[in-house]
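Heads up: the structure comes next, in structure tokens.
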Amino acid sequence: MAKKVKSDYISTGLVAQNRRAHFDYLIEEKFVAGLELTGTEVKSLRLGHANINDAFGIEKDGELYISNMFIAEYANKGYASHAEKRDRKLLLKHKEIIDIINALARKGATLVAIRLFFNDKGLAKLELGLGRGKKIYDKREAVKDRDWQRQKGRIMAHLE
């Protein structure tokens with residue numbers, strides 16, 4: 001196996017994204033939150049070892065947590081390690097937390113992880129979407145619209 005070099009680490013940019021979020025949910029509002037992480041979690045994220053496809057937000061004691069987010073164990077961990085799937089605290093402004101908790105109280109509302117990235121300062125951030133689940137007929141409509149846009153692009157490219 002090849003040894004990791006400095007260029008293999010992610011200092012800024014995308015770590016993981018949930019491509020099905022916009023297909024399965026009608027996203028009404030987006031938020032960007034910080035994450036409360038341990039050292040080995042950050043090192044594992046820098047290697048790109050994360051999965052947020054099943055991640056969702058929950059409320060506990062007036063605070064928001066992201067649940068079911070997978071961050072792989074860091075290989076060179078030494079004695080300290082972390083649980084791969086644990087609830088991680090979301091760092092948001094108080095007003096945003098209250099708005100999200102009130103929205104989650106409505107029937108059918110869900111807080112879904114959209115993408116995990118490092119910002120320009122090198123801090124781990126999670127983009128969250130507040131939305132409600134789509135019905136099957138909504139998904140069919142989305143597929144139909146996507147196919148039409150693709151076909152329209154091909155026709156326009158052929159005319160030029």
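Each chain in the structure tokens gets a letter, A, B, ..., in the order shown, and its residues are numbered from 1; ligands are numbered from 1 in order too.
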Quick check for you: according to DSSP on this backbone, which residues of segment 100-159 of chain A are classed as alpha helix (DSSP H)? Reply as a compact mmCIF listing (two decimals) with C-alpha atoms, in the first residue's frame.
```
# COMPACT_ATOMS: atom_id res chain seq x y z
CA ILE A 100 -34.86 24.38 13.78
CA ILE A 101 -36.39 22.85 16.94
CA ASN A 102 -39.70 24.62 16.22
CA ALA A 103 -39.62 23.42 12.62
CA LEU A 104 -38.85 19.83 13.70
CA ALA A 105 -41.93 19.92 15.95
CA ILE A 136 -43.32 8.62 -4.75
CA TYR A 137 -45.11 10.77 -7.31
CA ASP A 138 -42.88 13.75 -6.41
CA LYS A 139 -39.81 11.59 -7.04
CA ARG A 140 -41.18 10.48 -10.42
CA GLU A 141 -41.72 14.13 -11.32
CA ALA A 142 -38.11 14.93 -10.33
CA VAL A 143 -36.79 12.08 -12.52
CA LYS A 144 -38.95 13.24 -15.43
CA ASP A 145 -37.74 16.83 -15.07
CA ARG A 146 -34.08 15.74 -14.84
CA ASP A 147 -34.41 13.59 -17.97
CA TRP A 148 -36.05 16.46 -19.85
CA GLN A 149 -33.24 18.87 -18.87
CA ARG A 150 -30.65 16.35 -20.06
CA GLN A 151 -32.47 15.79 -23.35
CA LYS A 152 -32.92 19.54 -23.87
CA GLY A 153 -29.18 20.07 -23.36
CA ARG A 154 -28.38 17.42 -25.97
CA ILE A 155 -30.77 19.03 -28.49
CA MET A 156 -29.31 22.49 -27.90
CA ALA A 157 -25.74 21.17 -28.24
CA HIS A 158 -26.68 19.43 -31.49
CA LEU A 159 -28.18 22.64 -32.94
```
- Please provide as a PyMOL selection string all residues within 10 Å of Lys77 of chain A, with the sequence filter that same-chain residues fewer than 3 positions apart are discarded (counting only C-alpha atoms). chain A and resi 39-41+43-44+73-74+80-82
- Selection near Ser11 of chain A, 12 Å with only C-alpha atoms, sequence-local residues under 3 positions removed, as a ChimeraX atom specification: /A:6-8,14-15,42-48,117-124
Residue selection dump (N, CA, C and O atoms) as a PDB file, in the first residue's frame:
```pdb
ATOM      1  N   LYS A   6       1.447  14.399   2.069  1.00  0.00           N
ATOM      2  CA  LYS A   6       0.758  15.608   2.513  1.00  0.00           C
ATOM      3  C   LYS A   6      -0.362  16.015   1.550  1.00  0.00           C
ATOM      4  O   LYS A   6      -1.391  16.492   1.968  1.00  0.00           O
ATOM      5  N   SER A   7      -0.185  15.781   0.253  1.00  0.00           N
ATOM      6  CA  SER A   7      -1.184  16.211  -0.726  1.00  0.00           C
ATOM      7  C   SER A   7      -2.454  15.371  -0.667  1.00  0.00           C
ATOM      8  O   SER A   7      -3.479  15.764  -1.200  1.00  0.00           O
ATOM      9  N   ASP A   8      -2.426  14.201  -0.008  1.00  0.00           N
ATOM     10  CA  ASP A   8      -3.603  13.357   0.106  1.00  0.00           C
ATOM     11  C   ASP A   8      -4.576  13.850   1.165  1.00  0.00           C
ATOM     12  O   ASP A   8      -5.708  13.389   1.229  1.00  0.00           O
ATOM     13  N   LEU A  14     -14.589  19.735  -0.007  1.00  0.00           N
ATOM     14  CA  LEU A  14     -15.601  18.717   0.263  1.00  0.00           C
ATOM     15  C   LEU A  14     -14.994  17.427   0.807  1.00  0.00           C
ATOM     16  O   LEU A  14     -14.011  16.919   0.280  1.00  0.00           O
ATOM     17  N   VAL A  15     -15.605  16.890   1.864  1.00  0.00           N
ATOM     18  CA  VAL A  15     -15.206  15.614   2.436  1.00  0.00           C
ATOM     19  C   VAL A  15     -16.204  14.537   2.033  1.00  0.00           C
ATOM     20  O   VAL A  15     -15.830  13.481   1.555  1.00  0.00           O
ATOM     21  N   VAL A  42     -11.191  14.391  13.423  1.00  0.00           N
ATOM     22  CA  VAL A  42     -10.730  15.403  12.470  1.00  0.00           C
ATOM     23  C   VAL A  42      -9.666  14.818  11.547  1.00  0.00           C
ATOM     24  O   VAL A  42      -9.693  15.028  10.335  1.00  0.00           O
ATOM     25  N   LYS A  43      -8.756  14.046  12.106  1.00  0.00           N
ATOM     26  CA  LYS A  43      -7.703  13.433  11.291  1.00  0.00           C
ATOM     27  C   LYS A  43      -8.299  12.462  10.280  1.00  0.00           C
ATOM     28  O   LYS A  43      -7.858  12.399   9.128  1.00  0.00           O
ATOM     29  N   SER A  44      -9.315  11.719  10.677  1.00  0.00           N
ATOM     30  CA  SER A  44      -9.979  10.798   9.768  1.00  0.00           C
ATOM     31  C   SER A  44     -10.732  11.556   8.681  1.00  0.00           C
ATOM     32  O   SER A  44     -10.751  11.145   7.515  1.00  0.00           O
ATOM     33  N   LEU A  45     -11.354  12.682   9.049  1.00  0.00           N
ATOM     34  CA  LEU A  45     -12.041  13.518   8.047  1.00  0.00           C
ATOM     35  C   LEU A  45     -11.058  14.089   7.037  1.00  0.00           C
ATOM     36  O   LEU A  45     -11.370  14.197   5.851  1.00  0.00           O
ATOM     37  N   ARG A  46      -9.878  14.470   7.501  1.00  0.00           N
ATOM     38  CA  ARG A  46      -8.862  15.010   6.591  1.00  0.00           C
ATOM     39  C   ARG A  46      -8.456  13.986   5.540  1.00  0.00           C
ATOM     40  O   ARG A  46      -8.067  14.328   4.443  1.00  0.00           O
ATOM     41  N   LEU A  47      -8.580  12.698   5.878  1.00  0.00           N
ATOM     42  CA  LEU A  47      -8.295  11.636   4.914  1.00  0.00           C
ATOM     43  C   LEU A  47      -9.506  11.328   4.039  1.00  0.00           C
ATOM     44  O   LEU A  47      -9.415  10.521   3.119  1.00  0.00           O
ATOM     45  N   GLY A  48     -10.657  11.939   4.350  1.00  0.00           N
ATOM     46  CA  GLY A  48     -11.863  11.730   3.558  1.00  0.00           C
ATOM     47  C   GLY A  48     -12.645  10.495   3.941  1.00  0.00           C
ATOM     48  O   GLY A  48     -13.441   9.995   3.160  1.00  0.00           O
ATOM     49  N   PHE A 117     -17.787  19.434   4.860  1.00  0.00           N
ATOM     50  CA  PHE A 117     -16.641  20.061   4.208  1.00  0.00           C
ATOM     51  C   PHE A 117     -15.786  20.813   5.212  1.00  0.00           C
ATOM     52  O   PHE A 117     -16.196  21.018   6.355  1.00  0.00           O
ATOM     53  N   PHE A 118     -14.585  21.175   4.771  1.00  0.00           N
ATOM     54  CA  PHE A 118     -13.717  22.064   5.539  1.00  0.00           C
ATOM     55  C   PHE A 118     -13.791  23.441   4.902  1.00  0.00           C
ATOM     56  O   PHE A 118     -13.622  23.586   3.689  1.00  0.00           O
ATOM     57  N   ASN A 119     -14.071  24.479   5.709  1.00  0.00           N
ATOM     58  CA  ASN A 119     -14.174  25.830   5.155  1.00  0.00           C
ATOM     59  C   ASN A 119     -12.783  26.424   4.909  1.00  0.00           C
ATOM     60  O   ASN A 119     -11.768  25.745   5.058  1.00  0.00           O
ATOM     61  N   ASP A 120     -12.737  27.693   4.523  1.00  0.00           N
ATOM     62  CA  ASP A 120     -11.466  28.352   4.189  1.00  0.00           C
ATOM     63  C   ASP A 120     -10.505  28.434   5.383  1.00  0.00           C
ATOM     64  O   ASP A 120      -9.292  28.484   5.204  1.00  0.00           O
ATOM     65  N   LYS A 121     -11.059  28.441   6.591  1.00  0.00           N
ATOM     66  CA  LYS A 121     -10.220  28.480   7.787  1.00  0.00           C
ATOM     67  C   LYS A 121      -9.766  27.097   8.225  1.00  0.00           C
ATOM     68  O   LYS A 121      -9.041  26.954   9.195  1.00  0.00           O
ATOM     69  N   GLY A 122     -10.234  26.044   7.529  1.00  0.00           N
ATOM     70  CA  GLY A 122      -9.854  24.687   7.869  1.00  0.00           C
ATOM     71  C   GLY A 122     -10.726  24.049   8.931  1.00  0.00           C
ATOM     72  O   GLY A 122     -10.357  23.030   9.507  1.00  0.00           O
ATOM     73  N   LEU A 123     -11.903  24.644   9.219  1.00  0.00           N
ATOM     74  CA  LEU A 123     -12.811  24.102  10.219  1.00  0.00           C
ATOM     75  C   LEU A 123     -13.828  23.176   9.561  1.00  0.00           C
ATOM     76  O   LEU A 123     -14.320  23.458   8.476  1.00  0.00           O
ATOM     77  N   ALA A 124     -14.153  22.080  10.228  1.00  0.00           N
ATOM     78  CA  ALA A 124     -15.135  21.129   9.699  1.00  0.00           C
ATOM     79  C   ALA A 124     -16.528  21.717   9.837  1.00  0.00           C
ATOM     80  O   ALA A 124     -16.927  22.153  10.925  1.00  0.00           O
TER      81      ALA A 124
END
```
- Could you find all residues in chain A that DSSP calls strand (DSSP E) from the backbone, and write them as a VMD selection string? chain A and resid 13 to 17 25 to 35 50 to 51 56 to 60 63 to 67 70 to 71 88 to 91 109 to 118 124 to 133
